[in-house]
Amino acid sequence: MVVNFYRPVEVFFGEGAALKVGEVARRFGFKAMIVTGRESAKKSGAIDKVISSLSSHGVREYVIFDEVVPNPTDTIVNRGAEIAVREKVDMIIGLGGGSALDVAKAISIVSSNEGSAWDYVKYPEGPRLIPYLNRPVVCIPTTAGTGSEVNRYSVITNEMRKEKLVISHSLNYPKVALIDPTLTYTMPPDLTAITGFDALTHALESLTNKIDNFMAEEYAVRAVQIIAEWLPVAVEEPENKEARRWMSYAAMLAGVAIDHMGVALIHAMEHPVSAHYPEVAHGEGLAILAPYVTEFNLKGNPEKYALFARLMGYEEKPEKAVDALIDLLERIGLLKTLKDVGVEEEKLDRLTEDVYMLSRHTFTVNPVEPTLEDVRELYQRAYEGRI
Ligand SMILES: [Fe+2]
């Protein structure tokens, strides 16, 4: 068996890593664009730290693009790209949760090539355009979940089409990731739970889907172990620095795992939910769907699900994987239904169609290849809470 393992992202990990930004950015030029959300990086003081590190290392010019929102849109990316071109920035610094990092990476592609953000997202038939240039990107995550700081993906929503798709290209890697657990200390318990569960789903789906890569699987295995042990602690004791450190680490490991092995039906079914209901957070949608999709998938890869159960601290039996998920979700406050988060029952047909139109390429790598009736039934059960 021949496997591929490609790691083009330089990682600095540890308390204080964000303070390296000036030294790192200086390699790429003199003018930076800082891509961030509207509030949290300012409130936590992270943005001040970044700016003072930049200026003390000679990167004295910067533009702040603070229009990123959760489930970010192609319009936001296009606007950011226009500014990057107009302001002739040398590099892009993504500071924030997964949305800010995904937007920073996408701005790098769109500002350096023709076309607009939606030309680069991957429909099942492929993207409309292939990029051939980028700008250097430095990613500084302030949550622990997405893993975007170490992989080639940007998830973007088209508001008009109500579609959520992924830019996936080797030019979409950041050059450097500065993973500083201290930036996650101010995350409230609900955001800790939601983002941490995203990381767990990355590990679970990459481990159990039909793409095998024994090197990348090591990352998924370790991520599951760490998250099982430390996510509940991080949720229950937000000030626990050891828990924060482990969660930042696990999110990175899981981000590497999906970079090589991808995700599967849980993600494929979540994206239409948060595309139609942008107020639903990605990790919250995953949490709702994960137990049902996992139960459906068990027979497709019983060994790996048994392994997952063991890594979660349960008996090594495939069906225990579902118990492990439900118990964890209950403990971190994410055991919900689609109905609870405002999804309308009459929308379930449309969500099912969207899974087919936008993500059917995941069907063949999912442990069990689903029919559209299977997908519709899984949505129905997740809507009613019928496990
Ligand atoms: Fe995800």
# chains A, B, ... in the order shown; residues from 1 in each chain; ligands from 1
>>> residues_near_ligand(ligand="ligand 1", cutoff="12 Å", atoms="only C-alpha atoms and all ligand atoms", output="number ranges by chain")
A: 71, 97-99, 102, 144-148, 151, 153-155, 165-166, 194-206, 251, 254-255, 257-259, 262-271, 274, 281-287, 290
>>> write_last_selection(atoms="N, CA and C atoms", output="compact mmCIF listing (two decimals), in the first residue's frame")
# COMPACT_ATOMS: atom_id res chain seq x y z
N ASN A 71 -20.25 30.90 9.40
CA ASN A 71 -20.74 30.46 8.09
C ASN A 71 -20.51 31.55 7.04
N GLY A 97 -11.77 32.17 14.66
CA GLY A 97 -12.22 30.78 14.57
C GLY A 97 -12.08 30.29 13.14
N GLY A 98 -12.67 29.15 12.86
CA GLY A 98 -12.56 28.55 11.54
C GLY A 98 -13.00 29.49 10.43
N SER A 99 -14.02 30.30 10.69
CA SER A 99 -14.52 31.19 9.64
C SER A 99 -13.46 32.19 9.22
N ASP A 102 -10.70 30.33 7.29
CA ASP A 102 -11.16 29.92 5.96
C ASP A 102 -11.24 31.13 5.02
N ALA A 144 -10.64 25.93 19.19
CA ALA A 144 -9.96 24.64 19.01
C ALA A 144 -10.96 23.69 18.38
N GLY A 145 -10.92 23.58 17.04
CA GLY A 145 -11.90 22.71 16.40
C GLY A 145 -11.66 22.50 14.93
N THR A 146 -11.66 23.58 14.18
CA THR A 146 -11.68 23.49 12.72
C THR A 146 -10.47 22.80 12.10
N GLY A 147 -9.27 23.06 12.63
CA GLY A 147 -8.07 22.50 12.01
C GLY A 147 -7.70 23.19 10.71
N SER A 148 -8.43 24.24 10.36
CA SER A 148 -8.19 24.97 9.11
C SER A 148 -6.77 25.52 9.02
N ASN A 151 -4.74 22.81 7.13
CA ASN A 151 -5.18 22.07 5.93
C ASN A 151 -5.55 22.96 4.75
N TYR A 153 -8.45 23.37 3.19
CA TYR A 153 -9.87 23.63 2.96
C TYR A 153 -10.32 25.00 3.43
N SER A 154 -11.24 25.60 2.66
CA SER A 154 -12.01 26.75 3.12
C SER A 154 -13.47 26.45 2.82
N VAL A 155 -14.31 26.53 3.84
CA VAL A 155 -15.75 26.28 3.64
C VAL A 155 -16.45 27.62 3.48
N LEU A 165 -20.09 25.12 0.18
CA LEU A 165 -19.14 24.25 -0.50
C LEU A 165 -17.72 24.57 -0.04
N VAL A 166 -16.78 23.77 -0.51
CA VAL A 166 -15.42 23.83 0.01
C VAL A 166 -14.44 24.19 -1.12
N ILE A 194 -19.01 23.23 20.86
CA ILE A 194 -19.33 23.17 19.43
C ILE A 194 -18.08 22.97 18.58
N THR A 195 -17.05 23.76 18.86
CA THR A 195 -15.83 23.66 18.05
C THR A 195 -15.09 22.36 18.35
N GLY A 196 -15.08 21.96 19.61
CA GLY A 196 -14.41 20.71 19.99
C GLY A 196 -15.08 19.50 19.34
N PHE A 197 -16.41 19.56 19.22
CA PHE A 197 -17.10 18.43 18.60
C PHE A 197 -16.83 18.39 17.10
N ASP A 198 -16.61 19.54 16.49
CA ASP A 198 -16.21 19.56 15.07
C ASP A 198 -14.91 18.77 14.92
N ALA A 199 -13.96 19.04 15.80
CA ALA A 199 -12.67 18.32 15.73
C ALA A 199 -12.88 16.81 15.89
N LEU A 200 -13.75 16.43 16.83
CA LEU A 200 -14.00 15.00 17.04
C LEU A 200 -14.61 14.37 15.78
N THR A 201 -15.52 15.10 15.14
CA THR A 201 -16.15 14.57 13.92
C THR A 201 -15.12 14.44 12.80
N HIS A 202 -14.18 15.37 12.73
CA HIS A 202 -13.11 15.23 11.73
C HIS A 202 -12.35 13.93 11.96
N ALA A 203 -12.01 13.68 13.23
CA ALA A 203 -11.25 12.45 13.54
C ALA A 203 -12.09 11.21 13.25
N LEU A 204 -13.35 11.23 13.69
CA LEU A 204 -14.24 10.08 13.50
C LEU A 204 -14.45 9.77 12.02
N GLU A 205 -14.77 10.79 11.24
CA GLU A 205 -15.09 10.54 9.82
C GLU A 205 -13.86 10.13 9.02
N SER A 206 -12.72 10.76 9.31
CA SER A 206 -11.53 10.40 8.54
C SER A 206 -11.06 8.98 8.90
N ALA A 251 -7.28 19.49 17.87
CA ALA A 251 -7.92 20.10 16.69
C ALA A 251 -6.94 20.13 15.52
N ALA A 254 -6.60 16.52 14.14
CA ALA A 254 -7.78 16.13 13.36
C ALA A 254 -7.82 16.91 12.04
N GLY A 255 -7.30 18.13 12.05
CA GLY A 255 -7.23 18.92 10.82
C GLY A 255 -6.29 18.29 9.81
N ALA A 257 -5.70 15.02 9.76
CA ALA A 257 -6.36 13.76 9.36
C ALA A 257 -7.34 14.01 8.20
N ILE A 258 -8.17 15.06 8.30
CA ILE A 258 -9.13 15.29 7.19
C ILE A 258 -8.42 15.81 5.95
N ASP A 259 -7.28 16.43 6.14
CA ASP A 259 -6.55 16.92 4.97
C ASP A 259 -6.17 15.76 4.05
N GLY A 262 -10.18 13.20 4.26
CA GLY A 262 -11.48 13.82 4.03
C GLY A 262 -12.49 13.47 5.10
N VAL A 263 -13.72 13.92 4.88
CA VAL A 263 -14.80 13.65 5.83
C VAL A 263 -15.77 12.66 5.19
N ALA A 264 -17.03 12.66 5.60
CA ALA A 264 -18.00 11.72 5.02
C ALA A 264 -19.42 12.26 5.24
N LEU A 265 -20.35 11.37 5.46
CA LEU A 265 -21.77 11.76 5.40
C LEU A 265 -22.21 12.73 6.50
N ILE A 266 -21.57 12.71 7.66
CA ILE A 266 -21.99 13.66 8.71
C ILE A 266 -21.76 15.09 8.21
N HIS A 267 -20.58 15.34 7.67
CA HIS A 267 -20.30 16.67 7.12
C HIS A 267 -21.17 16.96 5.89
N ALA A 268 -21.33 15.95 5.03
CA ALA A 268 -22.13 16.16 3.81
C ALA A 268 -23.57 16.55 4.16
N MET A 269 -24.10 15.97 5.24
CA MET A 269 -25.48 16.30 5.64
C MET A 269 -25.54 17.58 6.48
N GLU A 270 -24.46 17.92 7.14
CA GLU A 270 -24.48 19.16 7.94
C GLU A 270 -24.46 20.39 7.05
N HIS A 271 -23.65 20.40 6.01
CA HIS A 271 -23.48 21.64 5.24
C HIS A 271 -24.80 22.23 4.73
N SER A 274 -26.55 24.20 7.76
CA SER A 274 -26.08 25.55 8.10
C SER A 274 -26.09 26.49 6.89
N ALA A 281 -24.65 26.67 14.11
CA ALA A 281 -23.19 26.56 13.98
C ALA A 281 -22.85 25.20 13.39
N HIS A 282 -21.76 25.18 12.62
CA HIS A 282 -21.32 23.93 11.97
C HIS A 282 -21.24 22.77 12.98
N GLY A 283 -20.56 23.01 14.09
CA GLY A 283 -20.36 21.95 15.08
C GLY A 283 -21.66 21.52 15.75
N GLU A 284 -22.60 22.44 15.84
CA GLU A 284 -23.90 22.13 16.43
C GLU A 284 -24.67 21.20 15.48
N GLY A 285 -24.63 21.51 14.19
CA GLY A 285 -25.27 20.65 13.19
C GLY A 285 -24.65 19.25 13.17
N LEU A 286 -23.33 19.20 13.27
CA LEU A 286 -22.65 17.90 13.30
C LEU A 286 -23.09 17.10 14.52
N ALA A 287 -23.20 17.79 15.65
CA ALA A 287 -23.57 17.11 16.91
C ALA A 287 -24.95 16.48 16.78
N ALA A 290 -24.56 13.40 14.10
CA ALA A 290 -23.53 12.36 14.29
C ALA A 290 -24.06 11.02 14.81
>>> residues_around(residues="A:Ala104", least_positions_apart="3", cutoff="10 Å", atoms="only C-alpha atoms", output="PDB file with C-alpha atoms, in the first residue's frame")
ATOM      1  CA  MET A  33      -4.078  42.234   5.905  1.00  0.00           C
ATOM      2  CA  ILE A  34      -5.557  40.986   9.157  1.00  0.00           C
ATOM      3  CA  VAL A  35      -8.739  38.972   8.558  1.00  0.00           C
ATOM      4  CA  THR A  36     -10.903  38.574  11.625  1.00  0.00           C
ATOM      5  CA  PHE A  65     -10.701  43.309   7.459  1.00  0.00           C
ATOM      6  CA  VAL A  68     -16.027  37.750   8.908  1.00  0.00           C
ATOM      7  CA  VAL A  77     -14.377  36.704   0.514  1.00  0.00           C
ATOM      8  CA  GLY A  80     -11.786  41.050   1.220  1.00  0.00           C
ATOM      9  CA  ALA A  81     -10.009  40.066  -2.003  1.00  0.00           C
ATOM     10  CA  MET A  91       0.419  38.712   3.122  1.00  0.00           C
ATOM     11  CA  ILE A  92      -2.802  37.743   4.859  1.00  0.00           C
ATOM     12  CA  ILE A  93      -3.126  36.952   8.552  1.00  0.00           C
ATOM     13  CA  GLY A  94      -6.214  35.001   9.602  1.00  0.00           C
ATOM     14  CA  LEU A  95      -7.040  35.558  13.275  1.00  0.00           C
ATOM     15  CA  GLY A  96     -10.130  33.936  14.768  1.00  0.00           C
ATOM     16  CA  GLY A  98     -12.561  28.555  11.536  1.00  0.00           C
ATOM     17  CA  SER A  99     -14.523  31.191   9.641  1.00  0.00           C
ATOM     18  CA  ALA A 100     -11.762  33.813   9.858  1.00  0.00           C
ATOM     19  CA  LEU A 101      -9.103  31.286   8.851  1.00  0.00           C
ATOM     20  CA  ILE A 107      -8.964  35.750   0.028  1.00  0.00           C
ATOM     21  CA  SER A 108      -5.426  34.662  -0.724  1.00  0.00           C
ATOM     22  CA  ILE A 109      -6.656  32.599  -3.711  1.00  0.00           C
ATOM     23  CA  ARG A 135      -0.458  35.182  -1.258  1.00  0.00           C
ATOM     24  CA  PRO A 136       1.270  33.943   1.905  1.00  0.00           C
ATOM     25  CA  VAL A 137      -1.189  33.266   4.727  1.00  0.00           C
ATOM     26  CA  VAL A 138      -0.486  33.028   8.456  1.00  0.00           C
ATOM     27  CA  CYS A 139      -3.276  31.393  10.496  1.00  0.00           C
ATOM     28  CA  SER A 154     -12.013  26.753   3.115  1.00  0.00           C
ATOM     29  CA  ASN A 172      -5.094  27.069  -0.167  1.00  0.00           C
ATOM     30  CA  PRO A 174      -1.468  28.620   4.964  1.00  0.00           C
TER      31      PRO A 174
END
>>> residues_around(residues="stretch 1-7 of chain A", least_positions_apart="3", cutoff="10 Å", atoms="only C-alpha atoms", output="CSV table (one decimal) with N, CA, C and O atoms, in the first residue's frame")
chain,number,residue,atom,x,y,z
A,10,GLU,N,4.1,25.2,8.1
A,10,GLU,CA,5.0,25.3,9.3
A,10,GLU,C,4.2,25.6,10.5
A,10,GLU,O,3.4,26.6,10.5
A,11,VAL,N,4.4,24.8,11.6
A,11,VAL,CA,3.6,25.0,12.8
A,11,VAL,C,4.4,25.5,14.0
A,11,VAL,O,5.5,24.9,14.2
A,150,VAL,N,-4.1,24.1,9.5
A,150,VAL,CA,-3.1,23.1,8.9
A,150,VAL,C,-3.6,22.4,7.7
A,150,VAL,O,-2.9,21.5,7.2
A,151,ASN,N,-4.7,22.8,7.1
A,151,ASN,CA,-5.2,22.1,5.9
A,151,ASN,C,-5.6,23.0,4.8
A,151,ASN,O,-5.4,24.2,4.8
A,170,SER,N,-4.1,22.7,-3.1
A,170,SER,CA,-2.9,22.8,-2.4
A,170,SER,C,-2.4,24.3,-2.3
A,170,SER,O,-1.5,24.6,-1.5
A,173,TYR,N,-3.3,26.2,1.3
A,173,TYR,CA,-2.7,25.9,2.6
A,173,TYR,C,-2.1,27.3,3.1
A,173,TYR,O,-1.5,28.0,2.3
A,212,ASP,N,-8.1,5.1,3.2
A,212,ASP,CA,-7.2,4.6,4.2
A,212,ASP,C,-5.8,5.3,3.9
A,212,ASP,O,-5.3,5.4,2.8
A,213,ASN,N,-5.3,5.8,5.1
A,213,ASN,CA,-3.9,6.3,5.0
A,213,ASN,C,-3.4,6.1,6.4
A,213,ASN,O,-3.7,6.8,7.4
A,214,PHE,N,-2.5,5.1,6.6
A,214,PHE,CA,-2.1,4.7,7.9
A,214,PHE,C,-1.3,5.8,8.6
A,214,PHE,O,-1.3,5.9,9.9
A,215,MET,N,-0.7,6.7,7.9
A,215,MET,CA,0.1,7.7,8.5
A,215,MET,C,-0.9,8.8,9.1
A,215,MET,O,-0.8,9.2,10.3
A,216,ALA,N,-1.8,9.2,8.3
A,216,ALA,CA,-2.8,10.2,8.7
A,216,ALA,C,-3.7,9.6,9.8
A,216,ALA,O,-4.2,10.3,10.7
A,256,VAL,N,-5.2,17.7,10.3
A,256,VAL,CA,-4.3,17.0,9.4
A,256,VAL,C,-5.0,15.7,8.9
A,256,VAL,O,-4.9,15.3,7.7
A,259,ASP,N,-7.3,16.4,6.1
A,259,ASP,CA,-6.5,16.9,5.0
A,259,ASP,C,-6.2,15.8,4.1
A,259,ASP,O,-6.1,15.9,2.8
A,260,HIS,N,-5.9,14.6,4.6
A,260,HIS,CA,-5.5,13.4,3.9
A,260,HIS,C,-6.6,12.5,3.5
A,260,HIS,O,-6.6,11.8,2.5
>>> select_by_dssp(residues="stretch 46-78 of chain A", states="alpha helix (DSSP H)", output="ChimeraX atom specification")
/A:46-56,74-78
>>> select_by_dssp(residues="stretch 113-318 of chain A", states="strand (DSSP E or B)", output="PyMOL selection string")
chain A and resi 123+126+137-141+153-158+163-168+176-179
>>> residues_around(residues="A:Asp190", least_positions_apart="4", cutoff="8 Å", atoms="only C-alpha atoms", output="list in words")
Ile194, Val235, Ile332 and Gly333 of chain A
>>> write_last_selection(atoms="N, CA and C atoms", output="PDB file, in the first residue's frame")
ATOM      1  N   ILE A 194     -19.005  23.226  20.862  1.00  0.00           N
ATOM      2  CA  ILE A 194     -19.334  23.168  19.431  1.00  0.00           C
ATOM      3  C   ILE A 194     -18.076  22.974  18.581  1.00  0.00           C
ATOM      4  N   VAL A 235     -14.940  22.170  28.631  1.00  0.00           N
ATOM      5  CA  VAL A 235     -16.288  22.749  28.697  1.00  0.00           C
ATOM      6  C   VAL A 235     -16.654  23.081  30.147  1.00  0.00           C
ATOM      7  N   ILE A 332     -21.592  17.523  27.236  1.00  0.00           N
ATOM      8  CA  ILE A 332     -21.161  18.871  26.826  1.00  0.00           C
ATOM      9  C   ILE A 332     -22.333  19.746  26.356  1.00  0.00           C
ATOM     10  N   GLY A 333     -23.544  19.258  26.577  1.00  0.00           N
ATOM     11  CA  GLY A 333     -24.727  20.090  26.326  1.00  0.00           C
ATOM     12  C   GLY A 333     -25.126  20.214  24.866  1.00  0.00           C
TER      13      GLY A 333
END
>>> atom_distance(atom1="atom CA of A:Pro181", atom2="atom CA of A:Glu149")
13.2 Å
